[in-house]
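**Q** Structure provided below as structure tokens; questions to follow.
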Amino acid sequence: MNNTKSIDLANIKSKYNEASSQIIKRIVVCAGTGCVANNSLGVFENFKRIIENRELKVITELDFEENNRDANYISKSGCQGFCQMGPLVTIYPGQILYTKVKPEDVEEIVEKTIVKDEIVDRLLYKEIESGKSCKSNEDIAFYQKQKRYVIKDCGVIDPGSLSEYISNDGYMGAKKSIFEMSDSEICNEILESGLRGRGGGGFPTGKKWDLTRLQNNVKKYVICNGDEGDPGAFMDRSLMEGNPHSVIEGMIIAAMAIGADEGYVYVRAEYPLAVKRMKKACQDLRDMNMLGYNFFNSGKNFDLTIMEGAGAFVCGEETALISSIEGKRGMPNPKPPFPAQSGLFEKPTLINNVETFSTIPLILKNGSQDFKKLGTESSKGTKTFALTGHVVNTGLIEVPFGITLRKIINEIAGGVIDNDGNVSGSDFKAVQIGGPSGGCLTKEHLDLPLDYDSLKKQGAMVGSGGLVVMNNQTCMVKIAHYFMNFTQNESCGKCVLCREGTKQMLSLLEDIIEGRGTMEKLDILLELANNVAIGSLCGLGKTAPNPVKSTVKYFYDEYIAHIVDKKCPAGECTDLLEYKIIEDKCVGCTLCAKKCPVNAIKGEVKKVHEIDNNICIKCGVCMDNCKFKAIKVG
């Protein structure tokens, strides 16, 4: 395109739609990180090779200058959400969704679906209870019960195609903010929408923007916080991989609102695919004169730098992130001054996370009133969650604020499973929400509306969006230990209370799960938790005790069992286990005694054996090898 001419988005949209209308089939292969790890790229290459071998017309991108008539268009997408069933392949028209597709399945798909318009039933998703085949995602409860608003195009569009993003009215919001709205009008529109920051704090986005706008400085910055470090969280990664232009468009709008000419996208180095796609998106925009000097031929400048972080969890805190961009060690600084006043290189700086920026173009395109139709009075819109744990369906979901845990777990996730994957083998016990900074919710909270304020009242938080479901075979003390181990390792060490307090809390939890716990140590643990929360400088330390405090609050009996009875009710804490022989099942075959690495099992042939738990190292080898299921954990 000639950069001296105006950017005609409508013309690009028209050309893309015309080219798209010429194809006969579109094959969308999920190329999100999860599916790529399961060889979805091998599936993609096989589609191309096999269709070409059949001498059928095949393309891997739409070319406006070429005839795409009667072509089979194979494209990659970002995460389609249904991660547990990947690699996923969707075929249009008909929106046929194939699950767990392997490269060797492609030949049959091409033969039946591409050539004969038939369906390969064995690759369709089957309902757990009825066994019914689901032709498309519209037939699957996992998708039906969601409200895919921000991630609607993830898993559908080609993340490497600027033209396809524009064909869905992409960058119309950015163009509107550049040419039709004043900075205050943009801020007011975002404030009116009720959007709150999706990074965890839930601060009103429009208010944060306006505070930065009002700073009297010719140099300002916009930063996208893509340093997603919560265990099991992958919402921001999926957005950057699947719809990078939505993030960039949101940042452009923010830049026009506050008067910035430069921005940074701070991405974890562990997200190489997100980094690659964000960089490509930026370069494609520069080539179209839609980013950089005199972008959109507007007389204004705005450019982006994609920066890779070194993987420190604390860099998710905005002042630590700023220090990292400046080339310093990522450590938090006291506030005030807030970044809006003095941030990157001591200039006014606006920081929002990936999901927040991806929501912005939709608000400008559809209006704040449309956005406010979703959610609750105090928490507008939707929230993405990384749904993991003991459930039938795991993956990336998006739901309106106000939905209950019961609906998410039973209807979207398909119910709770036991440790062997059986649906009816276990009951729901708890859900850890908000990652290491969040807290546990229990059965009594299943009908609690999920929003910022309701969760805060229960000692939990939305956080960035991690949602880990646990069954009743889970040890909650061990869960608290897991998250404390994580936050202790990630502490930057600047605060004494965080650095030393989390270390002592971890040590006390280790004493409890290893059989050395006392009631006095439990009291010290809770006292430390309160002190660390009060005295730490940044959000990492202030929220690090949350998993401990919430598990003690809701599962106090489990702590007592570990401390007083020296028992782990869930049977997960190895040092508190006792292996016992079931007398009426033991036939004296001696196999367990032969396999025991420490000779803790004694007994004569064809007579009941005994386990000496003073010697036993709780390795479980005896139980694994007993053919008569004559050994139990007590």
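The way I read the labels, and the way they are meant: chains A, B, ... in the order of the structure tokens, residue 1 as the first residue of every chain, and ligand 1 as the first ligand shown, with later ones counted on from there.
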Excluding Tyr554 of chain A and its own-chain neighbours fewer than 3 positions away, which residues fall within 9 Å of it when counting only C-alpha atoms? Please give them as a PyMOL selection string.

**A** chain A and resi 440-442+549-551+557

**Q** For the selection you just gave me, I'd like the residues written to a file as a CSV table (one decimal), in the first residue's frame, keeping C-alpha atoms.

**A**
chain,number,residue,atom,x,y,z
A,440,CYS,CA,-9.5,-20.9,48.4
A,441,LEU,CA,-13.2,-21.0,48.0
A,442,THR,CA,-15.2,-24.0,49.3
A,549,LYS,CA,-5.0,-17.8,55.7
A,550,SER,CA,-7.9,-19.1,53.6
A,551,THR,CA,-7.0,-22.8,54.0
A,557,ASP,CA,-9.7,-29.5,60.8

**Q** Taking the DSSP secondary structure from the backbone, can you list the residues of segment 192-381 of chain A that are strand (DSSP E or B), as a PyMOL selection string?

**A** chain A and resi 196+204+221-226+262-268+292+302-309+349-353+375+380

**Q** May I ask for the distance between atom CA of Cys498 of chain A and atom CA of Ser536 of chain A, given in Å to one decimal place?

**A** 5.7 Å

**Q** Give me, as a PyMOL selection string, all polymer residues having an atom no more than 12 Å from Gln369 of chain A, counting only C-alpha atoms and skipping those fewer than 5 positions away in the same chain.

**A** chain A and resi 189-195+362-364+374+380-381

**Q** May I ask which of the residues A:Ile325, A:Ala320, A:Ile157, A:Ala269 is the closest one to His245 of chain A, counting only C-alpha atoms?

**A**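 Checking each candidate against His245 of chain A, we get A:Ile157 as the closest.
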
**Q** Just checking: using only C-alpha atoms, which residue out of A:Thr349, A:Ser163, A:Gln488, A:Val314 ends up closest to Gly539 of chain A?

**A**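 Closest to Gly539 of chain A of all the choices is A:Val314.
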
**Q** Would you kindly return, as a ChimeraX atom specification, each protein, DNA or RNA residue with an atom no farther than 9 Å from any atom of segment 130-146 of chain A, considering only C-alpha atoms and excluding same-chain residues fewer than 5 positions away?

**A** /A:81-82,90,94-98,119,121-122,124-125,393,397-400,407-408,411-414

**Q** Please identify the alpha helix (DSSP H) residues within segment 337-567 of chain A (assignment by DSSP from backbone atoms) and present them as a PyMOL selection string.

**A** chain A and resi 354-366+368-372+405-407+452-457+476-490+496-513+519-535+539-543+546-554+556-560

**Q** Between A:Arg196, A:Phe401, A:Gly78, A:Ile23, which residue has the minimum interatomic distance to Val36 of chain A, considering only C-alpha atoms?

**A**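 Closest candidate: A:Gly78.
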
**Q** Using only C-alpha atoms, what table do you get, as CSV, when you list each residue of segment 323-347 of chain A with an atom no more than 12 Å from segment 216-236 of chain A, its nearest pair of atoms, and their distance in Å rounded to one decimal, rows by chain then rising number?

**A**
residue,atom,partner,partner_atom,distance
A:Ser324,CA,A:Asp227,CA,11.2
A:Ile325,CA,A:Ile223,CA,9.9
A:Gly330,CA,A:Asp227,CA,11.8
A:Pro339,CA,A:Tyr221,CA,9.8
A:Ala340,CA,A:Lys220,CA,9.1
A:Gln341,CA,A:Asn216,CA,9.3
A:Ser342,CA,A:Lys220,CA,9.5
A:Gly343,CA,A:Tyr221,CA,8.3
A:Leu344,CA,A:Tyr221,CA,7.1
A:Phe345,CA,A:Tyr221,CA,9.3
A:Glu346,CA,A:Lys220,CA,9.4
A:Lys347,CA,A:Lys220,CA,5.7

**Q** Give me the residues near Gly170 of chain A as a PyMOL selection string, where near means some atom within 9 Å (using only C-alpha atoms) and where sequence neighbours in that chain fewer than 2 positions away do not count.

**A** chain A and resi 9+162-168+172-174+245-246+249+361+365

**Q** If we count only C-alpha atoms and set the cut-off at 10 Å, which residues sit around Val496 of chain A, ignoring sequence neighbours fewer than 5 positions away in its own chain? Please answer as a JSON list (two decimals) with all heavy atoms, in the first residue's frame.

**A**
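Output file around.json is given in full below:
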[["chain", "number", "residue", "atom", "x", "y", "z"],
["A", 501, "GLY", "N", 9.98, -13.63, 56.10],
["A", 501, "GLY", "CA", 8.70, -14.10, 56.60],
["A", 501, "GLY", "C", 8.15, -15.27, 55.80],
["A", 501, "GLY", "O", 7.68, -16.27, 56.36],
["A", 502, "THR", "N", 8.22, -15.17, 54.46],
["A", 502, "THR", "CA", 7.72, -16.27, 53.63],
["A", 502, "THR", "C", 8.59, -17.51, 53.80],
["A", 502, "THR", "O", 8.10, -18.64, 53.74],
["A", 502, "THR", "CB", 7.67, -15.86, 52.15],
["A", 502, "THR", "OG1", 8.97, -15.40, 51.73],
["A", 502, "THR", "CG2", 6.64, -14.78, 51.90],
["A", 532, "VAL", "N", 3.42, -10.43, 57.47],
["A", 532, "VAL", "CA", 3.92, -10.36, 56.09],
["A", 532, "VAL", "C", 2.96, -9.57, 55.22],
["A", 532, "VAL", "O", 3.37, -8.73, 54.40],
["A", 532, "VAL", "CB", 4.14, -11.78, 55.52],
["A", 532, "VAL", "CG1", 4.44, -11.72, 54.02],
["A", 532, "VAL", "CG2", 5.29, -12.47, 56.25],
["A", 535, "GLY", "N", 3.29, -5.75, 56.31],
["A", 535, "GLY", "CA", 4.57, -5.07, 56.20],
["A", 535, "GLY", "C", 5.28, -5.15, 54.86],
["A", 535, "GLY", "O", 6.29, -4.47, 54.67],
["A", 536, "SER", "N", 4.79, -5.95, 53.94],
["A", 536, "SER", "CA", 5.48, -6.08, 52.64],
["A", 536, "SER", "C", 5.23, -4.85, 51.77],
["A", 536, "SER", "O", 4.20, -4.20, 51.86],
["A", 536, "SER", "CB", 5.02, -7.34, 51.91],
["A", 536, "SER", "OG", 5.41, -8.50, 52.62],
["A", 537, "LEU", "N", 6.19, -4.58, 50.90],
["A", 537, "LEU", "CA", 6.13, -3.38, 50.07],
["A", 537, "LEU", "C", 5.18, -3.52, 48.89],
["A", 537, "LEU", "O", 4.41, -2.61, 48.59],
["A", 537, "LEU", "CB", 7.55, -3.05, 49.56],
["A", 537, "LEU", "CG", 7.71, -1.82, 48.67],
["A", 537, "LEU", "CD1", 7.30, -0.56, 49.42],
["A", 537, "LEU", "CD2", 9.15, -1.70, 48.19]]
